[in-house]
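Structure record follows, encoded as structure tokens.
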Number of protein chains: 2
Amino acid sequence: MNQTHDPGRSSWVRSAQDHADFPIQNLPFGVFRRRGAESFRAVGVAIGDEILDIGAARAAGGLSGRAAVAAQACSTPTLNALMALGPQHWSALRSEVSALLASDSPAYRADRDIGQRILVPMSEADLFLPSQVGDYSDFYASVYHATNVGSMFRPENPLLPNYKWVPIGYHGRASSIVVSGTPVRRPCGQIKETDAASPVFRPTRSLDYEMELGCFVGTGNPLGEPVTIDQAEKHLFGLCLVNDWSARDIQSWEYQPLGPFLSKSFATTVSPWVVTMEALEPYRVPAFSRPPGDPAPLPYLDSPETRSRGGLDLTVEVYLATARMRTESIPPLRLSRGTAADLYWTLGQMFTHHASNGCNLRPGDLFATGTISGPAKHSRGCLLELTWRGSEPLALPTGETRKFLEDGDEVILRASCERQGAARIGFGECRGMVLPA
Amino acid sequence: MNQTHDPGRSSWVRSAQDHADFPIQNLPFGVFRRRGAESFRAVGVAIGDEILDIGAARAAGGLSGRAAVAAQACSTPTLNALMALGPQHWSALRSEVSALLASDSPAYRADRDIGQRILVPMSEADLFLPSQVGDYSDFYASVYHATNVGSMFRPENPLLPNYKWVPIGYHGRASSIVVSGTPVRRPCGQIKETDAASPVFRPTRSLDYEMELGCFVGTGNPLGEPVTIDQAEKHLFGLCLVNDWSARDIQSWEYQPLGPFLSKSFATTVSPWVVTMEALEPYRVPAFSRPPGDPAPLPYLDSPETRSRGGLDLTVEVYLATARMRTESIPPLRLSRGTAADLYWTLGQMFTHHASNGCNLRPGDLFATGTISGPAKHSRGCLLELTWRGSEPLALPTGETRKFLEDGDEVILRASCERQGAARIGFGECRGMVLPA
């Protein structure tokens with residue numbers, strides 16, 4: 001931890017003061033474009049209700065050394081080049097951006113109007129995918145989620161024998177990753193009702209969200225060269241929110257024996273702001289405490305650091321707004337609240353496992369945790385679990401009920417970290433509204 | 001069919017005459033670089049033992065209209081831009097390249113040395129991946145392969161109930177796709193022996209190849225917009241050979257419930273020359289003849305054209321050369337010989353199914369057929385099937401035996417099309433040698 005985490009540090013950007021998501025201790029990276037004909041996509045850092053334009057900050061002469069090199073890498077319309085540079089450069093840029101935005105910033109003291117040159121109001125900007133994602137992988141790291149889902153699909157055998165040994169994951173679809181705010185069309189697919197003799201092709205009737213965290217790969221590894229657990233975290237740039245939309249009826253018919261395919265590949269929504277691993281330092285906790293009888297991780301997935309600080313004290317929440325709720329001006333309803341500390345596997349374990357066969361991960365690649373669910377009902381991270389496959393519909397304040405998502409429903413994911421002696425930081429929102437098939 | 005398919009057409013490029021793979025009727029596209037310091041990657045067309053440099057042909061003034069536009073798209077170091085243009089441009093370029101290389105070419109008559117300006121000997125060139133693959137998907141389209149594998153892993157339930165309805169597929173890893181000739185390192189992974197209490201992390205002992213065809217997407221589809229079966233083939237650019245290397249011991253432990261992951265993602269080898277769908281026209285045959293009792297494809301996967309010419313009469317072969325065979329100058333041994341006509345699903349059905357949920361496929365994306373096996377033992381496209389999971393080792397001419405691949409083994413895939421009234425065309429080779437872990 002360093003000065004950038006100091007909860008006493010404040011910013012001359014007024015809206016950053018006690019901002020729920022983006023105080024000066026956060027400084028997440030994203031890609032934005034100021035609305036208007038002559039603007040280009042650029043890399044920025046969220047600060048309060050504003051975006052620091054990294055290119056403008058560099059032009060203003062506010063960055064030096066490794067921070068200037070990192071800012072130079074931000075002169076492309078994605079974060080890939082910055083992600084490729086590695087932790088020393090990321091940290092240098094964060095340190096100088098924090099100093100530039102701090103209340104005692106010499107640059108600000110010298111020019112009280114500097115904000116007009118280097119800041120863009122979020123309300124005047126569009127946000128884009130943070131990186132060009134070469135490959136997207138999705139894990140299954142919540143033992144509570146795996147157990148719940150398993151008990152619905154395989155009641156006799158809910159948690160498979162490999163679960164506590166292997167960080168289970170699968171390859172996802174990169175092309176259909178969209179940024180928060182992009183509408184999601186209800187997909188069609190082959191669906192076989194339990195009592196039907198044959199499947200039909202029609203729109204899904206069990207459209208679901210999945211509350212996940214996504215991790216952007218920073219520096220990659222060459223093909224054929226695994227990464228030890230000790231080195232894994234140095235390869236991680238930062239986290240975003242991920243809604244891994246799922247069509248449960250398509251999934252249950254297609255998933256054997258090669259796993260989910262079209263039930264997932266129609267859309268995956270990510271939040272636009274990438275909260276760096278460095279910003280998350282104050283919220284590190286021990287890895288998931290395995291209950292007695294569970295095996296220890298195999299040596300390639302184990303390290304003292306993983307055990308002592310592999311976890312994250314990070315609260316995740318899901319909100320729902322139906323069309324009728326919007327019409328009646330009822331605010332979005334919170335459906336669940338969980339924590340990333342409930343994940344059975346750490347991000348470092350996921351990365352090391354992913355690369356353990358020599359598979360190369362590249363800067364800007366994304367891997368997600370899988371649905372984050374906890375032991376309590378209110379911490380279940382998808383409707384499949386919350387409504388127990390539709391058998392326990394949710395009651396909404398409008399009198400509506402939900403087994404799965406209806407057209408016009410908007411799902412909003414949020415996440416935040418709060419800890420004694422540290423600032424509260426958040427991820428902003430990850431939104432998506434369902435369009436009719 | 002058109003003049004480019006005329007078996008009577010010959011080329012002034014001498015080595016093209018009766019060339020096993022690349023006569024003038026083939027004209028596959030690839031990316032090459034002439035060896036030497038000052039060369040760049042460029043798009044070329046294989047003709048005999050030579051490569052036609054498309055940029056040089058364009059500079060020589062040999063191309064016009066849509067063909068010139070298509071050649072302009074070849075001025076990048078991948079085929080993605082050409083693939084994005086669509087069938088009219090591909091066809092125009094093929095037509096003019098064929099005319100330029102034909103024995104009666106006016107350009108050649110005007111300048112007998114034109115070859116020195118527009119041809120590069122294959123022996124002086126390195127070959128590269130044909131496209132930047134955004135996403136790689138793999139199907140499971142051989143019912144013989146699915147039945148064989150199923151009966152080993154799930155003897156009570158070999159062919160799952162969805163198989164004859166759903167073109168089963170899964171997302172693969174794009175980052176670890178390599179071009180023919182790239183060595184493949186034996187991967188490590190979690191492996192659990194049948195009688196062991198717990199898994200261990202070690203090099204795979206059941207490294208396998210899979211003989212597949214890969215299909216490069218040409219024009220893509222926007223996210224949310226499916227493609228009807230009638231339109232599907234217009235989106236397909238061409239085919240290559242794919243070796244989908246697999247670690248069977250890692251696979252059997254990790255694959256439930258989300259499918260294969262690290263057992264596949266360490267490497268996928270593709271051949272460098274993309275045989276266009278237009279070149280394959282003479283070898284189209286009816287789709288797989290479903291035995292009585294099998295369901296008809298659902299309407300979204302069915303069309304008269306699919307039924308009458310959805311299949312491909314395309315022979316695929318696998319050869320093995322061990323280190324000892326090379327030392328003893330024994331030529332590679334053919335392990336199997338099958339045909340793409342045995343695939344249960346057509347390429348058009350795979351594409352339409354893939355996009356049926358609105359998933360966007362992009363120019364340069366790759367999807368593969370899955371292992372191509374037929375009903376006869378000699379047509380099984382992987383060692384898992386050929387040795388029946390190692391229980392029937394192969395005897396090699398050196399006296400060696402093989403259950404699975406050993407270090408130093410080189411796997412060579414070949415494929416060709418031959419038909420009455422048409423030229424013989426081939427795919428060249430897809431090679432990969434196994435390096436120690």
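Identifiers in this document derive from the order of the structure tokens: chains are assigned A, B, ..., residues are numbered from 1 separately in each chain, and ligands are numbered from 1 in order of occurrence.
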Closest atom pairs, chain A residues within 6 Å of chain B, only C-alpha atoms, as CSV:
residue,atom,partner,partner_atom,distance
A:Tyr170,CA,B:Phe261,CA,5.3
A:His171,CA,B:His171,CA,5.2
A:Gly172,CA,B:His171,CA,5.7
A:Pro187,CA,B:Asn357,CA,4.7
A:Cys188,CA,B:Asn357,CA,5.1
A:Gly189,CA,B:Asn357,CA,5.9
A:Leu258,CA,B:Gly259,CA,4.1
A:Gly259,CA,B:Leu258,CA,4.1
A:Phe261,CA,B:Tyr170,CA,5.3
A:Ser265,CA,B:Cys359,CA,5.8
A:Phe266,CA,B:Cys359,CA,4.6
A:Asn357,CA,B:Pro187,CA,4.7
A:Gly358,CA,B:Phe266,CA,5.5
A:Cys359,CA,B:Phe266,CA,4.6
Serialized selection, C-alpha atoms, as a JSON list (two decimals), in the first residue's frame:
[["chain", "number", "residue", "atom", "x", "y", "z"],
["A", 170, "TYR", "CA", -14.47, -23.01, -20.09],
["A", 171, "HIS", "CA", -13.82, -20.92, -23.14],
["A", 172, "GLY", "CA", -16.41, -18.21, -23.82],
["A", 187, "PRO", "CA", -32.02, -15.27, -28.06],
["A", 188, "CYS", "CA", -33.71, -18.12, -29.88],
["A", 189, "GLY", "CA", -32.44, -21.64, -29.65],
["A", 258, "LEU", "CA", -18.97, -30.23, -24.41],
["A", 259, "GLY", "CA", -20.37, -27.52, -22.15],
["A", 261, "PHE", "CA", -22.24, -22.79, -26.12],
["A", 265, "SER", "CA", -22.63, -16.63, -26.60],
["A", 266, "PHE", "CA", -25.44, -14.21, -27.50],
["A", 357, "ASN", "CA", -0.82, -26.24, -19.77],
["A", 358, "GLY", "CA", 1.19, -23.57, -21.54],
["A", 359, "CYS", "CA", -1.88, -21.75, -22.87]]
Practice prompt. Could you give me the residues within segment 29-216 of chain B that DSSP places in helix (DSSP H, G or I), as a ChimeraX atom specification?
Written response: /B:54-59,65-73,80-85,87-101,106-110,114-118,122-124,143-153
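Nearest to Tyr319 of chain B of all the residues B:Pro375, B:Gly48, B:Gly30, B:Gly432 is B:Gly432, counting only C-alpha atoms.
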Item to complete: Determine which residues of segment 128-309 of chain A DSSP labels as strand (DSSP E or B) from the backbone of this structure, then write them out as number ranges by chain.
Response: A: 128, 136-139, 169-171, 177-179, 184-185, 188-191, 200-203, 207-208, 211-217, 236-243, 246-247, 268-270, 274-276, 284-285
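Of the listed residues (B:Val179, B:Met350, B:Leu366, B:Leu239), B:Val179 comes nearest to Thr268 of chain B; the distances count only C-alpha atoms.
Contact shell of Leu347 of chain B at 10 Å (only C-alpha atoms; same-chain neighbours under 4 positions omitted): Phe139, Ala141, Leu213, Gly214, Cys215, Ala232, Glu233, Leu236, Ala287, Thr306, Gly310, Gly311, Leu312, Leu343, Phe351, Thr352, His353, Phe367, Ala368 and Thr369 of chain B.
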May I have the selected residues written with C-alpha atoms, as a compact mmCIF listing (two decimals), in the first residue's frame?
# COMPACT_ATOMS: atom_id res chain seq x y z
CA PHE B 139 -17.97 -28.71 -33.41
CA ALA B 141 -20.03 -33.17 -36.26
CA LEU B 213 -11.42 -29.45 -41.12
CA GLY B 214 -11.49 -25.78 -40.22
CA CYS B 215 -13.77 -23.25 -41.88
CA ALA B 232 -25.12 -19.52 -44.59
CA GLU B 233 -22.75 -20.68 -47.32
CA LEU B 236 -17.98 -19.09 -45.69
CA ALA B 287 -25.62 -34.13 -46.96
CA THR B 306 -28.40 -28.48 -47.79
CA GLY B 310 -24.44 -29.80 -48.25
CA GLY B 311 -21.75 -32.48 -48.08
CA LEU B 312 -18.17 -32.62 -49.30
CA LEU B 343 -20.01 -35.69 -41.13
CA PHE B 351 -22.69 -21.75 -39.27
CA THR B 352 -26.45 -21.19 -39.08
CA HIS B 353 -26.66 -22.96 -35.74
CA PHE B 367 -14.85 -22.99 -36.69
CA ALA B 368 -13.80 -26.61 -37.00
CA THR B 369 -15.78 -29.77 -37.63
Worksheet item: Counting only C-alpha atoms, what is within 10 Å of Gly65 of chain B, bar same-chain residues fewer than 4 positions away, as a PyMOL selection string?
Response: chain B and resi 69-71+89+92-93+96
Discussion item. With only C-alpha atoms as the counted atoms, please give the residues lying no more than 10 Å from Gly86 of chain A, apart from itself and same-chain residues fewer than 5 positions off, as an MDAnalysis selection string.
Written reply: chainID A and resid 70 81 91 218:220 234:237 363
Keeping all heavy atoms, export the residues of the selection given above as a short mmCIF file (atom, residue, chain, number, x, y, z; two decimals), in the first residue's frame.
data_model
loop_
_atom_site.label_atom_id
_atom_site.label_comp_id
_atom_site.auth_asym_id
_atom_site.auth_seq_id
_atom_site.Cartn_x
_atom_site.Cartn_y
_atom_site.Cartn_z
N ALA A 70 3.71 5.08 -19.74
CA ALA A 70 2.40 4.44 -19.63
C ALA A 70 1.32 5.30 -20.29
O ALA A 70 0.41 4.79 -20.96
CB ALA A 70 2.06 4.19 -18.16
N ALA A 81 -2.48 -1.76 -24.85
CA ALA A 81 -1.06 -1.39 -24.81
C ALA A 81 -0.63 -1.05 -23.39
O ALA A 81 0.47 -1.43 -22.96
CB ALA A 81 -0.79 -0.22 -25.75
N SER A 91 1.68 1.23 -11.92
CA SER A 91 1.78 1.85 -10.62
C SER A 91 2.32 3.27 -10.72
O SER A 91 1.86 4.18 -10.02
CB SER A 91 2.69 0.98 -9.74
OG SER A 91 2.63 1.39 -8.41
N GLY A 218 -3.07 -8.40 -17.78
CA GLY A 218 -2.12 -7.34 -18.12
C GLY A 218 -1.04 -7.93 -19.01
O GLY A 218 -1.28 -8.22 -20.18
N THR A 219 0.13 -8.13 -18.45
CA THR A 219 1.18 -8.76 -19.25
C THR A 219 0.81 -10.22 -19.49
O THR A 219 0.30 -10.91 -18.61
CB THR A 219 2.52 -8.69 -18.50
OG1 THR A 219 2.32 -9.07 -17.14
CG2 THR A 219 3.08 -7.29 -18.54
N GLY A 220 1.06 -10.68 -20.67
CA GLY A 220 0.71 -12.05 -21.03
C GLY A 220 1.85 -13.01 -20.76
O GLY A 220 2.88 -12.66 -20.17
N LYS A 234 1.10 -10.67 -10.73
CA LYS A 234 1.80 -9.62 -11.49
C LYS A 234 1.26 -9.49 -12.91
O LYS A 234 1.54 -8.52 -13.60
CB LYS A 234 3.30 -9.92 -11.54
CG LYS A 234 3.96 -9.83 -10.19
CD LYS A 234 5.44 -10.14 -10.27
CE LYS A 234 6.05 -10.12 -8.86
NZ LYS A 234 7.27 -10.91 -8.77
N HIS A 235 0.54 -10.52 -13.36
CA HIS A 235 -0.01 -10.51 -14.72
C HIS A 235 -1.42 -9.93 -14.78
O HIS A 235 -1.98 -9.80 -15.86
CB HIS A 235 -0.04 -11.93 -15.28
CG HIS A 235 1.32 -12.48 -15.58
ND1 HIS A 235 1.87 -12.46 -16.84
CD2 HIS A 235 2.27 -13.04 -14.79
CE1 HIS A 235 3.08 -13.01 -16.81
NE2 HIS A 235 3.34 -13.37 -15.57
N LEU A 236 -1.99 -9.59 -13.62
CA LEU A 236 -3.39 -9.15 -13.60
C LEU A 236 -3.47 -7.63 -13.55
O LEU A 236 -2.87 -7.00 -12.67
CB LEU A 236 -4.11 -9.75 -12.39
CG LEU A 236 -3.97 -11.28 -12.24
CD1 LEU A 236 -4.76 -11.76 -11.03
CD2 LEU A 236 -4.39 -12.00 -13.51
N PHE A 237 -4.22 -7.05 -14.47
CA PHE A 237 -4.33 -5.59 -14.53
C PHE A 237 -5.42 -5.07 -13.60
O PHE A 237 -5.19 -4.18 -12.81
CB PHE A 237 -4.60 -5.14 -15.96
CG PHE A 237 -4.74 -3.65 -16.09
CD1 PHE A 237 -3.62 -2.84 -16.11
CD2 PHE A 237 -5.99 -3.06 -16.17
CE1 PHE A 237 -3.74 -1.45 -16.20
CE2 PHE A 237 -6.12 -1.68 -16.28
CZ PHE A 237 -4.99 -0.87 -16.29
N PRO A 363 -2.33 -9.64 -23.31
CA PRO A 363 -2.82 -8.40 -22.71
C PRO A 363 -4.23 -8.07 -23.23
O PRO A 363 -4.46 -8.11 -24.44
CB PRO A 363 -1.81 -7.35 -23.20
CG PRO A 363 -0.55 -8.12 -23.47
CD PRO A 363 -1.02 -9.47 -23.97
#
Worksheet entry | Selection near segment 1-13 of chain A, 6 Å with only C-alpha atoms, sequence-local residues under 3 positions removed, as JSON, numbers by chain | {"A": [16, 25, 101, 102, 103, 422, 423]}
Please save N, CA, C and O atoms of the selected residues as a PDB file, in the first residue's frame.
ATOM      1  N   ALA A  16     -15.487  14.183  -6.518  1.00  0.00           N
ATOM      2  CA  ALA A  16     -14.771  12.987  -6.049  1.00  0.00           C
ATOM      3  C   ALA A  16     -14.878  12.818  -4.538  1.00  0.00           C
ATOM      4  O   ALA A  16     -14.693  11.708  -4.015  1.00  0.00           O
ATOM      5  N   GLN A  25      -8.995   7.509  -4.315  1.00  0.00           N
ATOM      6  CA  GLN A  25      -8.325   6.240  -3.982  1.00  0.00           C
ATOM      7  C   GLN A  25      -8.604   5.139  -5.009  1.00  0.00           C
ATOM      8  O   GLN A  25      -7.980   4.093  -4.974  1.00  0.00           O
ATOM      9  N   LEU A 101      -4.301  14.806  -9.256  1.00  0.00           N
ATOM     10  CA  LEU A 101      -5.693  15.069  -8.888  1.00  0.00           C
ATOM     11  C   LEU A 101      -5.856  15.405  -7.406  1.00  0.00           C
ATOM     12  O   LEU A 101      -6.950  15.784  -6.971  1.00  0.00           O
ATOM     13  N   ALA A 102      -4.783  15.261  -6.628  1.00  0.00           N
ATOM     14  CA  ALA A 102      -4.879  15.497  -5.189  1.00  0.00           C
ATOM     15  C   ALA A 102      -5.056  16.989  -4.887  1.00  0.00           C
ATOM     16  O   ALA A 102      -4.652  17.849  -5.666  1.00  0.00           O
ATOM     17  N   SER A 103      -5.674  17.246  -3.752  1.00  0.00           N
ATOM     18  CA  SER A 103      -5.957  18.634  -3.362  1.00  0.00           C
ATOM     19  C   SER A 103      -4.700  19.478  -3.315  1.00  0.00           C
ATOM     20  O   SER A 103      -4.734  20.680  -3.590  1.00  0.00           O
ATOM     21  N   ALA A 422      -9.783   2.377   5.313  1.00  0.00           N
ATOM     22  CA  ALA A 422      -9.608   2.569   3.870  1.00  0.00           C
ATOM     23  C   ALA A 422     -10.818   3.299   3.325  1.00  0.00           C
ATOM     24  O   ALA A 422     -11.888   3.301   3.943  1.00  0.00           O
ATOM     25  N   ALA A 423     -10.641   3.909   2.165  1.00  0.00           N
ATOM     26  CA  ALA A 423     -11.763   4.583   1.527  1.00  0.00           C
ATOM     27  C   ALA A 423     -12.737   3.542   0.988  1.00  0.00           C
ATOM     28  O   ALA A 423     -12.397   2.371   0.836  1.00  0.00           O
TER      29      ALA A 423
END
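With distances restricted to only C-alpha atoms, A:Ser180 is the closest residue to Cys430 of chain A from A:Ser308, A:Ser180, A:Thr276, A:Gln251.
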What's around Asp49 of chain A at 7 Å? Count only C-alpha atoms, leave out sequence neighbours fewer than 5 positions away in its own chain, and write the answer as a PDB file with C-alpha atoms, in the first residue's frame.
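File written: result.pdb
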ATOM      1  CA  SER A  15     -17.500  15.453  -7.067  1.00  0.00           C
ATOM      2  CA  ALA A  16     -14.771  12.987  -6.049  1.00  0.00           C
ATOM      3  CA  PRO A 121     -17.755  15.306 -17.546  1.00  0.00           C
ATOM      4  CA  MET A 122     -19.006  11.712 -17.573  1.00  0.00           C
TER       5      MET A 122
END
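Take atom CA of Leu52 of chain A and atom CA of Leu129 of chain A: the distance between them is 17.1 Å.
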